[in-house]
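Next up, start25.tsv (TSV, C-alpha atoms):
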chain	number	residue	atom	x	y	z
E	1	MET	CA	-42.83	8.88	4.66
E	2	PRO	CA	-41.67	12.52	4.51
E	3	VAL	CA	-39.21	13.50	1.81
E	4	GLY	CA	-36.40	14.27	4.27
E	5	GLN	CA	-36.60	10.87	5.87
E	6	ALA	CA	-36.68	9.12	2.51
E	7	LEU	CA	-33.62	11.08	1.41
E	8	ASP	CA	-31.87	10.13	4.63
E	9	HIS	CA	-32.70	6.51	3.96
E	10	ALA	CA	-31.31	6.72	0.46
E	11	THR	CA	-28.03	8.31	1.53
E	12	SER	CA	-27.80	5.66	4.21
E	13	LEU	CA	-27.69	3.03	1.48
E	14	LEU	CA	-25.29	4.92	-0.75
E	15	PRO	CA	-21.93	3.75	0.76
E	16	TRP	CA	-22.90	0.08	0.50
E	17	CYS	CA	-24.09	0.56	-3.07
E	18	VAL	CA	-20.86	2.34	-4.03
E	19	SER	CA	-18.83	-0.49	-2.50
E	20	ALA	CA	-20.88	-3.17	-4.26
E	21	TRP	CA	-20.69	-1.24	-7.53
E	22	LEU	CA	-16.89	-0.98	-7.34
E	23	LEU	CA	-16.68	-4.71	-6.66
E	24	GLY	CA	-19.06	-5.45	-9.54
E	25	VAL	CA	-17.45	-3.27	-12.22
E	26	GLY	CA	-14.01	-4.45	-11.14
E	27	LEU	CA	-14.96	-8.10	-11.48
E	28	TYR	CA	-16.72	-7.49	-14.79
E	29	ALA	CA	-13.65	-5.71	-16.15
E	30	ILE	CA	-11.40	-8.57	-14.98
E	31	LEU	CA	-13.65	-11.06	-16.79
E	32	THR	CA	-13.56	-9.17	-20.06
E	33	SER	CA	-9.96	-7.92	-19.78
E	34	ARG	CA	-7.74	-8.30	-22.83
E	35	HIS	CA	-4.54	-7.04	-21.23
E	36	PHE	CA	-2.84	-8.06	-17.99
E	37	VAL	CA	-1.81	-4.53	-16.97
E	38	HIS	CA	-5.44	-3.47	-17.38
E	39	LEU	CA	-6.44	-6.52	-15.34
E	40	ILE	CA	-4.18	-5.47	-12.46
E	41	GLY	CA	-5.75	-2.01	-12.55
E	42	CYS	CA	-9.16	-3.66	-12.27
E	43	LEU	CA	-7.95	-5.68	-9.31
E	44	SER	CA	-7.09	-2.38	-7.59
E	45	VAL	CA	-10.66	-1.21	-8.26
E	46	VAL	CA	-12.01	-4.39	-6.63
E	47	GLN	CA	-9.67	-3.78	-3.72
E	48	SER	CA	-10.85	-0.21	-3.26
E	49	SER	CA	-14.38	-1.48	-2.74
E	50	THR	CA	-13.19	-2.91	0.57
E	51	TYR	CA	-11.75	0.49	1.55
E	52	VAL	CA	-15.12	2.15	0.93
E	53	LEU	CA	-16.89	-0.57	2.88
E	54	LEU	CA	-14.55	-0.42	5.87
E	55	LEU	CA	-14.44	3.37	6.08
E	56	ALA	CA	-18.23	3.58	5.72
E	57	ALA	CA	-18.70	1.03	8.49
E	58	GLY	CA	-16.42	3.03	10.79
E	59	TYR	CA	-18.03	6.40	10.06
E	60	ARG	CA	-20.11	8.18	12.64
E	61	LYS	CA	-22.17	11.26	11.90
E	62	GLY	CA	-20.90	14.43	13.53
E	63	ALA	CA	-17.99	12.66	15.23
E	64	GLN	CA	-14.41	13.92	15.29
E	65	ALA	CA	-11.26	12.20	14.05
E	66	PRO	CA	-9.80	9.64	16.49
E	67	ILE	CA	-6.88	11.96	17.21
E	68	PHE	CA	-7.13	13.71	20.55
E	69	TYR	CA	-4.32	16.24	20.29
E	70	SER	CA	-6.25	19.47	20.07
E	71	HIS	CA	-9.48	18.31	21.65
E	72	PRO	CA	-10.14	15.97	24.58
E	73	PRO	CA	-10.99	12.28	24.04
E	74	GLY	CA	-14.65	11.84	23.22
E	75	ILE	CA	-16.98	10.51	20.58
E	76	ALA	CA	-14.95	9.81	17.42
E	77	VAL	CA	-15.05	7.60	14.33
E	78	ASP	CA	-13.69	4.06	14.62
E	79	PRO	CA	-9.86	4.00	14.63
E	80	VAL	CA	-9.72	0.20	14.22
E	81	LEU	CA	-11.19	0.30	10.71
E	82	GLN	CA	-9.03	3.27	9.73
E	83	ALA	CA	-5.93	1.35	10.84
E	84	LEU	CA	-7.06	-1.64	8.78
E	85	VAL	CA	-7.51	0.47	5.65
E	86	LEU	CA	-4.19	2.23	6.21
E	87	THR	CA	-2.15	-0.98	6.22
E	88	ASP	CA	-4.30	-2.40	3.43
E	89	VAL	CA	-3.44	0.47	1.09
E	90	VAL	CA	0.31	0.03	1.60
E	91	ILE	CA	0.18	-3.75	1.21
E	92	GLY	CA	-2.05	-3.36	-1.85
E	93	ALA	CA	0.53	-1.15	-3.54
E	94	THR	CA	3.35	-3.66	-3.02
E	95	VAL	CA	1.22	-6.58	-4.16
E	96	THR	CA	0.38	-4.59	-7.31
E	97	ALA	CA	4.13	-4.18	-7.86
E	98	LEU	CA	4.60	-7.95	-7.46
E	99	LEU	CA	1.87	-8.62	-10.03
E	100	LEU	CA	3.41	-6.11	-12.44
E	101	ALA	CA	6.76	-7.91	-12.08
E	102	LEU	CA	4.98	-11.16	-12.99
E	103	VAL	CA	3.48	-9.43	-16.02
E	104	LEU	CA	6.95	-8.26	-17.11
E	105	GLN	CA	8.23	-11.84	-16.89
E	106	LEU	CA	5.22	-13.09	-18.79
E	107	HIS	CA	5.82	-10.61	-21.56
E	108	LYS	CA	9.46	-11.68	-21.81
E	109	ARG	CA	8.60	-15.37	-21.99
E	110	ARG	CA	5.50	-15.38	-24.14
E	111	GLY	CA	5.56	-12.07	-25.94
E	112	THR	CA	1.90	-11.36	-25.24
E	113	LEU	CA	-0.14	-9.92	-22.40
E	114	ASP	CA	-3.55	-10.99	-23.65
E	115	PRO	CA	-5.09	-13.53	-21.24
E	116	GLU	CA	-7.14	-14.99	-24.12
E	117	ARG	CA	-4.01	-16.00	-25.96
E	118	LEU	CA	-2.43	-17.81	-23.03
E	119	ARG	CA	-3.30	-21.12	-21.48
E	120	PRO	CA	-5.60	-22.01	-19.73
E	121	MET	CA	-7.83	-19.41	-21.35
E	122	ARG	CA	-6.78	-20.28	-24.89
E	123	ARG	CA	-9.14	-22.69	-26.57
Z	1	MET	CA	-14.96	-20.83	-21.98
Z	2	SER	CA	-15.78	-18.10	-24.43
Z	3	PRO	CA	-15.94	-14.50	-23.20
Z	4	ARG	CA	-19.65	-14.42	-23.94
Z	5	VAL	CA	-20.35	-17.42	-21.69
Z	6	ARG	CA	-18.18	-15.91	-19.00
Z	7	VAL	CA	-20.11	-12.64	-19.00
Z	8	LEU	CA	-23.40	-14.56	-18.98
Z	9	LEU	CA	-22.26	-16.56	-15.95
Z	10	PHE	CA	-21.21	-13.32	-14.26
Z	11	ALA	CA	-24.61	-11.76	-14.95
Z	12	LEU	CA	-26.29	-14.86	-13.54
Z	13	ALA	CA	-24.17	-14.67	-10.38
Z	14	VAL	CA	-25.01	-10.96	-9.98
Z	15	LEU	CA	-28.73	-11.71	-10.39
Z	16	CYS	CA	-28.49	-14.42	-7.72
Z	17	LEU	CA	-26.54	-12.26	-5.28
Z	18	ALA	CA	-28.43	-9.00	-5.82
Z	19	PRO	CA	-31.45	-9.88	-3.61
Z	20	ALA	CA	-29.12	-11.03	-0.83
Z	21	PHE	CA	-27.16	-7.77	-1.10
Z	22	ALA	CA	-30.36	-5.72	-1.08
Z	23	HIS	CA	-31.61	-7.57	1.98
Z	24	VAL	CA	-28.37	-7.00	3.90
Z	25	ALA	CA	-27.98	-3.36	2.83
Z	26	LEU	CA	-31.56	-2.55	3.87
Z	27	HIS	CA	-31.16	-4.16	7.28
Z	28	LEU	CA	-27.80	-2.66	8.18
Z	29	PRO	CA	-27.80	0.04	10.88
Z	30	ARG	CA	-28.31	3.59	9.60
Z	31	PHE	CA	-25.14	5.01	7.99
Z	32	GLY	CA	-23.23	7.16	10.47
Z	33	ALA	CA	-24.98	5.58	13.45
Z	34	HIS	CA	-23.41	2.13	13.67
Z	35	PRO	CA	-22.60	0.67	17.04
Z	36	LEU	CA	-18.78	0.73	17.18
Z	37	PRO	CA	-17.92	-1.02	20.45
Z	38	TYR	CA	-14.23	-1.67	19.72
Z	39	GLY	CA	-13.54	1.80	18.40
Z	40	ASP	CA	-15.35	3.40	21.33
Z	41	ALA	CA	-13.43	1.29	23.84
Z	42	ILE	CA	-10.10	2.32	22.28
Z	43	ASN	CA	-11.13	5.97	21.95
Z	44	ALA	CA	-12.11	6.02	25.61
Z	45	ALA	CA	-9.10	4.22	27.03
Z	46	GLY	CA	-6.31	4.80	24.49
Z	47	THR	CA	-4.96	8.12	25.70
Z	48	ARG	CA	-5.17	7.09	29.35
Z	49	GLU	CA	-3.61	3.66	28.90
Z	50	ARG	CA	-1.01	4.30	26.20
Z	51	HIS	CA	-0.27	8.05	26.54
Z	52	VAL	CA	-0.66	8.66	22.79
Z	53	THR	CA	-3.19	10.92	21.11
Z	54	ASN	CA	-3.33	9.27	17.67
Z	55	MET	CA	-5.67	6.32	18.17
Z	56	VAL	CA	-4.99	4.89	14.70
Z	57	SER	CA	-1.33	4.50	15.63
Z	58	ALA	CA	-2.29	3.06	19.01
Z	59	VAL	CA	-4.35	0.41	17.20
Z	60	ASN	CA	-1.62	-0.26	14.64
Z	61	PHE	CA	1.32	-0.56	17.00
Z	62	ASP	CA	-0.20	-1.63	20.27
Z	63	TYR	CA	-3.77	-2.93	20.48
Z	64	ARG	CA	-3.42	-4.81	17.21
Z	65	GLY	CA	0.36	-4.80	17.02
Z	66	PHE	CA	0.52	-8.48	16.16
Z	67	ASP	CA	-1.60	-7.84	13.05
Z	68	THR	CA	0.81	-5.17	11.91
Z	69	LEU	CA	3.68	-7.63	12.32
Z	70	GLY	CA	1.89	-9.91	9.85
Z	71	GLU	CA	1.31	-7.02	7.45
Z	72	GLU	CA	4.95	-6.02	7.82
Z	73	PHE	CA	6.03	-9.46	6.65
Z	74	MET	CA	3.49	-9.45	3.84
Z	75	LEU	CA	5.14	-6.25	2.64
Z	76	LEU	CA	8.57	-7.86	2.96
Z	77	GLY	CA	7.35	-10.93	1.09
Z	78	ALA	CA	5.83	-8.93	-1.77
Z	79	VAL	CA	8.92	-6.74	-2.18
Z	80	THR	CA	11.26	-9.75	-1.99
Z	81	GLY	CA	9.14	-11.55	-4.58
Z	82	THR	CA	9.22	-8.58	-6.93
Z	83	ALA	CA	12.98	-8.12	-6.53
Z	84	THR	CA	13.59	-11.85	-7.08
Z	85	LEU	CA	11.42	-11.97	-10.18
Z	86	LEU	CA	13.03	-8.93	-11.75
Z	87	ARG	CA	16.61	-9.68	-10.70
Z	88	GLY	CA	16.20	-13.34	-11.60
Z	89	THR	CA	16.38	-12.79	-15.34
Z	90	ARG	CA	18.72	-9.83	-15.17
Z	91	GLY	CA	21.28	-11.47	-12.93
Z	92	GLU	CA	22.61	-9.84	-9.80
Z	93	ARG	CA	25.44	-7.88	-11.35
Z	94	LYS	CA	27.23	-5.33	-9.21
Z	95	GLU	CA	28.08	-3.14	-12.19
Z	96	VAL	CA	25.00	-1.83	-13.90
Z	97	PRO	CA	25.47	-0.13	-17.25
Z	98	GLN	CA	25.22	3.58	-16.69
Z	99	GLN	CA	24.02	4.04	-20.18
Z	100	VAL	CA	22.53	1.48	-22.49
Z	101	PRO	CA	24.61	1.48	-25.67
Z	102	GLY	CA	22.86	2.86	-28.69
Z	103	ARG	CA	20.16	4.56	-26.66
Z	104	PRO	CA	20.15	8.36	-26.68
Z	105	VAL	CA	20.25	10.31	-23.43
Z	106	ARG	CA	17.50	12.88	-23.61
Z	107	ALA	CA	18.13	16.19	-21.89
Z	108	ARG	CA	15.66	17.05	-19.16
Z	109	SER	CA	14.15	20.49	-19.17
Z	110	ASP	CA	15.47	22.93	-16.59
Z	111	ALA	CA	12.00	23.45	-15.18
Z	112	VAL	CA	11.64	19.73	-14.38
Z	113	VAL	CA	15.08	19.63	-12.76
Z	114	LEU	CA	14.38	22.71	-10.65
Z	115	VAL	CA	10.96	21.59	-9.46
Z	116	ALA	CA	12.11	18.01	-8.80
Z	117	ARG	CA	15.19	19.18	-6.86
Z	118	LEU	CA	13.12	21.52	-4.72
Z	119	MET	CA	10.30	19.06	-4.20
Z	120	GLY	CA	12.52	16.00	-3.75
Z	121	THR	CA	14.24	17.21	-0.62
Z	122	THR	CA	11.07	18.82	0.71
Z	123	THR	CA	9.11	15.61	0.19
Z	124	VAL	CA	11.71	13.47	1.96
Z	125	LEU	CA	11.75	15.94	4.86
Z	126	PHE	CA	7.96	15.95	5.01
Z	127	GLY	CA	7.94	12.14	5.03
Z	128	VAL	CA	10.30	12.08	8.00
Z	129	TYR	CA	8.07	14.63	9.74
Z	130	VAL	CA	4.95	12.52	9.13
Z	131	ALA	CA	6.71	9.36	10.33
Z	132	LEU	CA	8.00	11.08	13.48
Z	133	HIS	CA	4.59	12.42	14.48
Z	134	ALA	CA	2.97	8.98	14.55
Z	135	MET	CA	1.89	9.13	18.17
Z	136	THR	CA	0.54	12.67	18.40
Z	137	THR	CA	-0.99	13.95	15.16
Z	138	PRO	CA	-2.10	12.23	11.92
Z	139	GLY	CA	0.88	10.32	10.61
Z	140	GLY	CA	2.89	7.19	11.13
Z	141	GLY	CA	5.51	4.89	9.71
Z	142	PHE	CA	3.35	3.59	6.86
Z	143	GLN	CA	2.42	7.03	5.50
Z	144	GLY	CA	5.80	8.60	6.24
Z	145	GLY	CA	7.68	5.73	4.60
Z	146	VAL	CA	5.67	6.00	1.40
Z	147	ILE	CA	6.19	9.78	1.28
Z	148	VAL	CA	9.96	9.40	1.82
Z	149	SER	CA	10.23	6.86	-0.99
Z	150	SER	CA	8.26	9.04	-3.39
Z	151	GLY	CA	10.67	11.85	-2.53
Z	152	LEU	CA	13.50	9.50	-3.54
Z	153	LEU	CA	11.75	8.97	-6.86
Z	154	LEU	CA	11.73	12.76	-7.36
Z	155	VAL	CA	15.51	12.63	-6.97
Z	156	PHE	CA	15.49	10.40	-10.05
Z	157	LEU	CA	13.55	13.04	-11.95
Z	158	ALA	CA	16.00	15.71	-10.85
Z	159	GLU	CA	19.31	13.91	-11.32
Z	160	GLY	CA	18.56	11.41	-14.05
Z	161	TYR	CA	19.33	7.72	-13.88
Z	162	ARG	CA	23.08	8.03	-13.38
Z	163	GLY	CA	22.88	10.44	-10.47
Z	164	TRP	CA	20.05	8.47	-8.92
Z	165	ARG	CA	21.97	5.22	-9.02
Z	166	ARG	CA	24.96	6.91	-7.45
Z	167	ALA	CA	22.77	7.93	-4.51
Z	168	MET	CA	20.73	4.72	-4.22
Z	169	ARG	CA	22.78	1.70	-3.26
Z	170	SER	CA	20.61	-1.35	-3.58
Z	171	GLU	CA	22.39	-3.05	-0.64
Z	172	ILE	CA	21.47	-0.16	1.64
Z	173	LEU	CA	17.85	-0.16	0.51
Z	174	ASP	CA	17.63	-3.94	0.96
Z	175	ALA	CA	19.08	-3.59	4.44
Z	176	CYS	CA	16.61	-0.79	5.24
Z	177	GLU	CA	13.70	-2.97	4.22
Z	178	GLY	CA	14.84	-6.11	6.01
Z	179	SER	CA	16.10	-4.50	9.20
Z	180	GLY	CA	12.88	-2.51	9.57
Z	181	ALA	CA	10.81	-5.68	9.58
Z	182	THR	CA	13.34	-7.37	11.87
Z	183	LEU	CA	13.25	-4.45	14.29
Z	184	TYR	CA	9.48	-4.84	14.58
Z	185	ALA	CA	9.78	-8.56	15.32
Z	186	LEU	CA	12.60	-7.95	17.83
Z	187	CYS	CA	10.34	-5.53	19.72
Z	188	GLY	CA	8.01	-8.45	20.33
Z	189	PHE	CA	10.82	-10.70	21.53
Z	190	ALA	CA	12.13	-7.96	23.81
Z	191	SER	CA	8.81	-8.03	25.65
Z	192	MET	CA	9.03	-11.79	25.92
Z	193	LEU	CA	12.53	-11.55	27.37
Z	194	ALA	CA	11.10	-9.26	30.04
Z	195	GLY	CA	8.61	-12.00	30.89
Z	196	LEU	CA	5.62	-10.24	29.33
Z	197	PRO	CA	3.35	-11.23	26.43
Z	198	PHE	CA	4.60	-10.67	22.86
Z	199	LEU	CA	4.70	-6.96	21.89
Z	200	GLN	CA	3.62	-5.74	25.33
Z	201	ASN	CA	4.94	-2.25	25.95
Z	202	ILE	CA	8.05	-2.47	28.14
Z	203	LEU	CA	9.47	1.03	27.70
Z	204	PRO	CA	8.36	4.08	29.70
Z	205	LEU	CA	5.24	5.54	28.08
Z	206	GLY	CA	6.23	9.19	28.47
Z	207	LYS	CA	4.03	12.27	28.64
Z	208	VAL	CA	0.76	12.64	26.73
Z	209	LYS	CA	1.13	14.93	23.66
Z	210	ASP	CA	4.91	14.55	23.74
Z	211	LEU	CA	6.55	13.66	20.43
Z	212	PHE	CA	8.38	10.76	22.08
Z	213	ALA	CA	5.51	9.31	24.08
Z	214	GLY	CA	4.43	5.74	23.46
Z	215	GLY	CA	7.41	3.64	24.52
Z	216	LEU	CA	7.82	0.53	22.42
Z	217	MET	CA	5.35	1.90	19.86
Z	218	LEU	CA	7.98	4.44	18.79
Z	219	VAL	CA	10.49	1.69	18.02
Z	220	GLU	CA	7.88	-0.31	16.09
Z	221	ASN	CA	6.90	2.82	14.20
Z	222	ALA	CA	10.53	3.42	13.24
Z	223	GLY	CA	10.77	-0.19	12.05
Z	224	VAL	CA	7.70	0.22	9.88
Z	225	ALA	CA	8.95	3.55	8.48
Z	226	PHE	CA	12.29	1.99	7.47
Z	227	ALA	CA	10.67	-1.11	6.03
Z	228	VAL	CA	8.11	0.81	3.97
Z	229	ALA	CA	10.55	3.47	2.72
Z	230	GLY	CA	13.17	0.84	1.91
Z	231	GLY	CA	10.63	-1.51	0.36
Z	232	PHE	CA	9.14	1.04	-2.01
Z	233	ALA	CA	12.60	2.35	-2.92
Z	234	VAL	CA	13.65	-1.24	-3.77
Z	235	LEU	CA	10.58	-1.54	-6.00
Z	236	PHE	CA	11.37	1.72	-7.82
Z	237	LEU	CA	14.99	0.67	-8.24
Z	238	GLU	CA	14.15	-2.76	-9.61
Z	239	PHE	CA	11.58	-1.45	-12.09
Z	240	LEU	CA	13.96	1.29	-13.25
Z	241	GLU	CA	16.78	-1.24	-13.62
Z	242	GLU	CA	14.42	-3.12	-15.87
Z	243	THR	CA	14.51	-0.24	-18.35
Z	244	ARG	CA	18.31	-0.51	-18.52
Z	245	VAL	CA	18.31	-4.03	-19.90
Z	246	GLU	CA	19.53	-4.04	-23.48
Z	247	ALA	CA	16.88	-4.87	-26.00
Z	248	ASP	CA	17.68	-7.48	-28.63
Z	249	GLY	CA	19.01	-5.03	-31.18
Z	250	ASP	CA	20.86	-2.75	-28.78
Z	251	ASP	CA	24.47	-3.97	-28.88
Z	252	GLU	CA	25.44	-7.62	-29.09
Z	253	GLU	CA	29.17	-7.20	-28.31
Z	254	GLU	CA	28.51	-5.21	-25.20
Z	255	LYS	CA	26.23	-7.95	-23.95
Z	256	GLU	CA	28.83	-10.69	-24.24
Z	257	ALA	CA	31.54	-8.70	-22.50
If you took the structure in this file and wrote it as structure tokens, what would it be?
Amino acid sequence: MPVGQALDHATSLLPWCVSAWLLGVGLYAILTSRHFVHLIGCLSVVQSSTYVLLLAAGYRKGAQAPIFYSHPPGIAVDPVLQALVLTDVVIGATVTALLLALVLQLHKRRGTLDPERLRPMRR
Amino acid sequence: MSPRVRVLLFALAVLCLAPAFAHVALHLPRFGAHPLPYGDAINAAGTRERHVTNMVSAVNFDYRGFDTLGEEFMLLGAVTGTATLLRGTRGERKEVPQQVPGRPVRARSDAVVLVARLMGTTTVLFGVYVALHAMTTPGGGFQGGVIVSSGLLLVFLAEGYRGWRRAMRSEILDACEGSGATLYALCGFASMLAGLPFLQNILPLGKVKDLFAGGLMLVENAGVAFAVAGGFAVLFLEFLEETRVEADGDDEEEKEA
């Protein structure tokens, strides 16, 4: 296999690997997390793996944006996946806020934010 | 389960899933050359059928409008949950203490005030611009709403807590959030009243490339913009209110009064 083709093959795999890597490191960090605010940050990392996956699936080489204002309708990247990611980002932000509110309540009630020191994790 | 066992289990799961992932990743279509039948169908027909040039908005507010309704109510649910959780312990007092007793008011630097005042208004204006141009150029209610609410947060940086609270009435923000989501749902019922399926466009579509093309999509977009801007502003307000709660040692007498 020529070098160019092999390189093409490798870059073809890259988006899926990035997405899987984000999911993996996010989950690993959640497992080993010692602080709930850190844990919520990790959850956002896990979430962003879906953004990478969706946008990569909708990408098309050499295509234009799916906005036909300055150029006529033609071959463009997938608007359905972009719309999905767009709403996902906004919802993700509000859900993060909800989780942070839960963390605030937890801190008020129990005085700790370490998952290991709270049931059911506490041994 | 000890952390060590947990990590071991995780490693085991990764080892089990890795071959499956490798198999799928190697057999997926080449990156940048996927068959995209739905996207292509919308790209081909969107401008002709719906008279809008931004296909992402066409998907959000028309082709998959029902989905967006669900997302709209997820947003409402998350914001309501956050507000309930935070207000629950604080109580829903009308009078919030402008200044927590015993806590010093730090002066903001003039540079911060200047930049925040300039950027605050500009950001809100830009957000409105982005929200208005949903149907023609990149933009829409979701993006515009978030930009508007971050502009409101800059007002806090410029004016400090007291000035910010004077400008932000929580009732108005709540109403913004709720009525935006309601407006979206009412759009759907309006179509049903006209004897058409839920969320079918019943308004005149207008001219292609016109700012006000898109018919019912414009109303839905406005609903989303209000709901997102109001929702995020409610979140900022509730979290900032949280910093105004007296700590245990702050002032006991003030608390009882």
Near Z:Phe232, counting all atoms listed in the file, which residues have an atom at most 7 Å away, once you skip same-chain residues fewer than 4 positions from it, shown as a PDB file with C-alpha atoms, in the coordinates of the input?
ATOM      1  CA  VAL Z 146       5.670   6.000   1.400  1.00  0.00           C
ATOM      2  CA  SER Z 149      10.230   6.860  -0.990  1.00  0.00           C
ATOM      3  CA  VAL Z 228       8.110   0.810   3.970  1.00  0.00           C
ATOM      4  CA  PHE Z 236      11.370   1.720  -7.820  1.00  0.00           C
TER       5      PHE Z 236
END
Distance of atom CA of Z:Val130 from atom CA of Z:Val148, expressed in Å to one decimal place: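 Atom-to-atom, atom CA of Z:Val148 and atom CA of Z:Val130 are spaced 9.4 Å apart.
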Neighbours of chain Z in chain E at 6 Å, counting only C-alpha atoms, as number ranges by chain: E: 12, 59-61, 66-69, 78-80, 83, 91, 94-95, 98, 101
Within 10 Å of Z:Val112 using all atoms listed in the file, minus same-chain residues under 6 positions, as a ChimeraX atom specification: /Z:118,154,157-158
Quick one: pull the distance between atom CA of Z:Val113 and atom CA of Z:Trp164, Å, one decimal. 12.8 Å
